[in-house]
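Trainee: Have a look at this one before I ask anything.
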Amino acid sequence: MSLEARKSSAASRVQRSVRSRIPLARVPQPTQDRMTPTWRQARPRRISDSLAVSQAQNSGGWFVAGVSADVPAAKSITRTIAGREVVFWRDTDGSLVAGPGACPHLGALLDGCAVADGTLLCRWHGYPLSPRGDRTWSPFRAYDDGVLIWVGLPVDGETPTSRPALPPRPPLDRSLSAVVSIRGICEPQDVIANRLDPWHGAWFHPYSFSHLVVDDKASDKKVLAVDVTFRLGRTWGVPVRAEFFCPDARTIVMLIVEGEGARSVVETHATPVGLDEQGRPITIITEATIAYSPRAGFKVATAMASMIRPAMRKTAKRLWVDDLVYAERRYRLRQRGEFPG
Ligand code: FES
Ligand SMILES: [Fe+2]
């Protein structure tokens with residue numbers, strides 16, 4: 001082999017090796033005047049049909065209430081979910097307990113109470129509440145999925161189930177997860193409808209996405225298959241294929257099915273809280289990004305989780321600043337009877 005041929009074969013080996021370790025592609029970002037408009041594909045009827053299918057599912061009365069780490073070993077926390085105060089704490093084996101948030105004695109809010117041997121002691125007069133309940137107090141269904149906590153409440157039109165419908169997740173011990181929570185003035189369906197319109201992605205969030213195409217042949221009312229490039233700047237990006245679907249009426253999931261990070265998921269949960277002083281509905285969006293990659297470099301990333309999580313949260317929050325504008329606008333238009341969809 002000539003010296004030139006040896007040099008070129010070495011160079012292509014290096015290129016292959018770099019490509020196998022670094023998933024970037026040179027995908028220059030087009031300016032908006034060169035982008036294909038997506039409004040023809042984003043038919044209001046198509047989005048509302050998918051939304052109707054998602055809303056017809058039985059959610060079993062389950063609501064995401066926060067992050068697993070929110071509930072410590074020996075203290076209670078409270079949340080307002082669907083207009084009810086709910087208390088959470090942990091039993092002796094670490095399992096999650098949930099129940100009405102008012103003490104049956106004189107109604108104290110059961111927040112920040114001590115827990116001894118799995119029994120909560122009300123901070124006003126020490127009334128003991130056991131995880132099994134008694135004739136004055138009955139626990140709710142509760143579930144800790146390892147990332148998020150859930151409570152099962154009685155809800156009109158929903159048949160209670162023993163577990164929430166969890167989407168497929170990559171192995172948690174080899175993944176990197178980060179959760180953000182954002183509060184909006186809208187209803188859960190506005191949050192779900194925002195994500196059932198992937199066509200806005202490259203137009204509305206050009207700092208995060210480009211080259212977004214919905215594969216109509218692979219999509220139906222339950223699943224949207226999307227090819228998209230995650231932006232890492234104006235020149236470089238990471239092309240992937242993702243699927244959007246709703247495992248219940250208050251959750252929408254983006255699962256990476258091909259490309260870098262296949263099996264990673266972004267779960268968006270919309271939890272109704274209640275009404276604000278002006279009678280408007282408050283919804284908390286809890287978004288869990290569970291990133292996974294079989295690459296060797298990713299093991300280093302999971303080991304550095306505490307340094308990487310803030311960046312993951314920042315990215316998710318930035319997207320939700322815009323997506324809340326969309327969801328809250330949709331809600332206001334619906335209220336005024338002016339929503340075009
Ligand atoms: S209000 Fe809880 S013990 Fe009295
Ligand atoms: Fe969006």
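In the structure tokens, chains take the letters A, B, ... in the order shown, each chain's residues start at 1, and ligands count up from 1 in the order shown.
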Could you give me the residues within range 86-263 of chain A that DSSP places in alpha helix (DSSP H), as a list of chain:residue names?

Mentor: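 Alpha helix (DSSP H) members of range 86-263 of chain A, listed: A:Pro188, A:Gln189, A:Asp190, A:Val191, A:Ile192, A:Ala193, A:Asn194, A:Arg195, A:Gly201, A:Ala202, A:Trp203, A:Phe204.
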
Trainee: Write out as an MDAnalysis selection string each polymer residue (protein, DNA or RNA) that has an atom no more than 12 Å from ligand 2, with only C-alpha atoms and all ligand atoms counted.

Mentor: chainID A and resid 190:209 212 254 268 315:327

Trainee: Emit the selected residues as an mmCIF file, in the first residue's frame, including C-alpha atoms.

Mentor:
data_model
loop_
_atom_site.group_PDB
_atom_site.id
_atom_site.type_symbol
_atom_site.label_atom_id
_atom_site.label_comp_id
_atom_site.auth_asym_id
_atom_site.auth_seq_id
_atom_site.Cartn_x
_atom_site.Cartn_y
_atom_site.Cartn_z
ATOM 1 C CA ASP A 190 -54.211 22.009 26.623
ATOM 2 C CA VAL A 191 -50.839 20.568 27.645
ATOM 3 C CA ILE A 192 -51.545 17.305 25.818
ATOM 4 C CA ALA A 193 -52.843 19.133 22.710
ATOM 5 C CA ASN A 194 -49.629 21.165 22.545
ATOM 6 C CA ARG A 195 -47.561 17.976 22.264
ATOM 7 C CA LEU A 196 -50.028 16.349 19.864
ATOM 8 C CA ASP A 197 -49.006 19.153 17.487
ATOM 9 C CA PRO A 198 -45.357 18.232 16.795
ATOM 10 C CA TRP A 199 -45.505 20.352 13.628
ATOM 11 C CA HIS A 200 -44.867 23.509 15.640
ATOM 12 C CA GLY A 201 -41.498 22.144 16.852
ATOM 13 C CA ALA A 202 -39.065 23.519 14.264
ATOM 14 C CA TRP A 203 -41.018 26.776 13.785
ATOM 15 C CA PHE A 204 -41.706 27.676 17.398
ATOM 16 C CA HIS A 205 -38.546 26.212 18.991
ATOM 17 C CA PRO A 206 -35.799 26.731 16.352
ATOM 18 C CA TYR A 207 -33.184 26.802 19.142
ATOM 19 C CA SER A 208 -34.026 23.133 19.900
ATOM 20 C CA PHE A 209 -35.358 21.504 16.705
ATOM 21 C CA LEU A 212 -38.960 18.073 11.650
ATOM 22 C CA MET A 254 -41.861 11.147 23.438
ATOM 23 C CA THR A 268 -44.933 15.045 30.164
ATOM 24 C CA THR A 315 -33.331 22.759 28.192
ATOM 25 C CA ALA A 316 -36.729 21.365 29.271
ATOM 26 C CA LYS A 317 -37.681 24.607 31.040
ATOM 27 C CA ARG A 318 -36.803 26.735 28.028
ATOM 28 C CA LEU A 319 -39.079 24.636 25.807
ATOM 29 C CA TRP A 320 -41.901 24.830 28.330
ATOM 30 C CA VAL A 321 -41.722 28.619 28.556
ATOM 31 C CA ASP A 322 -42.833 28.629 24.903
ATOM 32 C CA ASP A 323 -45.125 25.618 25.141
ATOM 33 C CA LEU A 324 -46.965 27.204 28.061
ATOM 34 C CA VAL A 325 -47.634 30.247 25.904
ATOM 35 C CA TYR A 326 -49.213 27.822 23.400
ATOM 36 C CA ALA A 327 -51.189 25.829 26.012
#

Trainee: For CA of Pro239 in chain A and CA of Arg313 in chain A, quote the distance in Å rounded to one decimal.

Mentor: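 These atoms are spaced 20.8 Å apart.
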
Trainee: Using DSSP on the backbone coordinates, identify the residues of range 216-338 of chain A assigned to strand (DSSP E or B); present them as number ranges by chain.

Mentor: A: 223-231, 236-248, 251-259, 265-275, 281-291

Trainee: Identify which of the residues A:Ala242, A:Ala108, A:Val86, A:Ala303 lies closest to ligand 1, counting only C-alpha atoms and all ligand atoms when measuring atom-to-atom distances.

Mentor: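 Between A:Ala242, A:Ala108, A:Val86, A:Ala303, the residue approaching ligand 1 most closely is A:Ala108.
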
Trainee: Please return as a ChimeraX atom specification the residues found within 9 Å of ligand 1, counting only C-alpha atoms and all ligand atoms.

Mentor: /A:102-110,121-128

Trainee: Save out the residues we just selected, N, CA and C atoms, as a PDB file, in the first residue's frame.

Mentor:
ATOM      1  N   ALA A 102     -55.901  16.656  55.472  1.00  0.00           N
ATOM      2  CA  ALA A 102     -56.362  17.324  56.699  1.00  0.00           C
ATOM      3  C   ALA A 102     -56.444  16.304  57.828  1.00  0.00           C
ATOM      4  N   CYS A 103     -55.947  16.694  59.001  1.00  0.00           N
ATOM      5  CA  CYS A 103     -55.982  15.788  60.149  1.00  0.00           C
ATOM      6  C   CYS A 103     -57.434  15.555  60.591  1.00  0.00           C
ATOM      7  N   PRO A 104     -57.805  14.297  60.853  1.00  0.00           N
ATOM      8  CA  PRO A 104     -59.190  14.031  61.266  1.00  0.00           C
ATOM      9  C   PRO A 104     -59.532  14.602  62.642  1.00  0.00           C
ATOM     10  N   HIS A 105     -58.518  15.019  63.432  1.00  0.00           N
ATOM     11  CA  HIS A 105     -58.812  15.569  64.755  1.00  0.00           C
ATOM     12  C   HIS A 105     -59.387  16.989  64.636  1.00  0.00           C
ATOM     13  N   LEU A 106     -58.562  18.000  64.273  1.00  0.00           N
ATOM     14  CA  LEU A 106     -59.071  19.374  64.163  1.00  0.00           C
ATOM     15  C   LEU A 106     -58.688  20.014  62.829  1.00  0.00           C
ATOM     16  N   GLY A 107     -58.309  19.160  61.878  1.00  0.00           N
ATOM     17  CA  GLY A 107     -58.148  19.656  60.508  1.00  0.00           C
ATOM     18  C   GLY A 107     -56.803  20.242  60.149  1.00  0.00           C
ATOM     19  N   ALA A 108     -55.766  20.074  60.973  1.00  0.00           N
ATOM     20  CA  ALA A 108     -54.446  20.622  60.620  1.00  0.00           C
ATOM     21  C   ALA A 108     -54.001  20.089  59.256  1.00  0.00           C
ATOM     22  N   LEU A 109     -53.293  20.943  58.499  1.00  0.00           N
ATOM     23  CA  LEU A 109     -52.686  20.468  57.256  1.00  0.00           C
ATOM     24  C   LEU A 109     -51.502  19.577  57.638  1.00  0.00           C
ATOM     25  N   LEU A 110     -51.495  18.371  57.106  1.00  0.00           N
ATOM     26  CA  LEU A 110     -50.517  17.366  57.569  1.00  0.00           C
ATOM     27  C   LEU A 110     -49.163  17.508  56.872  1.00  0.00           C
ATOM     28  N   LEU A 121     -47.315  11.518  62.715  1.00  0.00           N
ATOM     29  CA  LEU A 121     -47.800  12.138  63.955  1.00  0.00           C
ATOM     30  C   LEU A 121     -48.154  13.587  63.651  1.00  0.00           C
ATOM     31  N   CYS A 122     -49.438  13.921  63.756  1.00  0.00           N
ATOM     32  CA  CYS A 122     -49.876  15.281  63.417  1.00  0.00           C
ATOM     33  C   CYS A 122     -49.140  16.294  64.290  1.00  0.00           C
ATOM     34  N   ARG A 123     -48.731  17.383  63.677  1.00  0.00           N
ATOM     35  CA  ARG A 123     -47.882  18.347  64.409  1.00  0.00           C
ATOM     36  C   ARG A 123     -48.676  19.206  65.382  1.00  0.00           C
ATOM     37  N   TRP A 124     -50.004  19.209  65.280  1.00  0.00           N
ATOM     38  CA  TRP A 124     -50.765  20.023  66.230  1.00  0.00           C
ATOM     39  C   TRP A 124     -50.922  19.329  67.587  1.00  0.00           C
ATOM     40  N   HIS A 125     -51.367  18.073  67.598  1.00  0.00           N
ATOM     41  CA  HIS A 125     -51.563  17.404  68.899  1.00  0.00           C
ATOM     42  C   HIS A 125     -51.069  15.956  68.893  1.00  0.00           C
ATOM     43  N   GLY A 126     -50.326  15.559  67.838  1.00  0.00           N
ATOM     44  CA  GLY A 126     -49.740  14.214  67.835  1.00  0.00           C
ATOM     45  C   GLY A 126     -50.688  13.084  67.453  1.00  0.00           C
ATOM     46  N   TYR A 127     -51.821  13.388  66.832  1.00  0.00           N
ATOM     47  CA  TYR A 127     -52.750  12.314  66.400  1.00  0.00           C
ATOM     48  C   TYR A 127     -52.000  11.363  65.459  1.00  0.00           C
ATOM     49  N   PRO A 128     -52.030  10.040  65.724  1.00  0.00           N
ATOM     50  CA  PRO A 128     -51.268   9.102  64.884  1.00  0.00           C
ATOM     51  C   PRO A 128     -52.092   8.611  63.685  1.00  0.00           C
TER      52      PRO A 128
END

Trainee: Calculate how many Å separate CA of Asp111 in chain A from CA of Arg79 in chain A, rounding to one decimal.

Mentor: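 Separating CA of Asp111 in chain A from CA of Arg79 in chain A is a distance of 8.7 Å.
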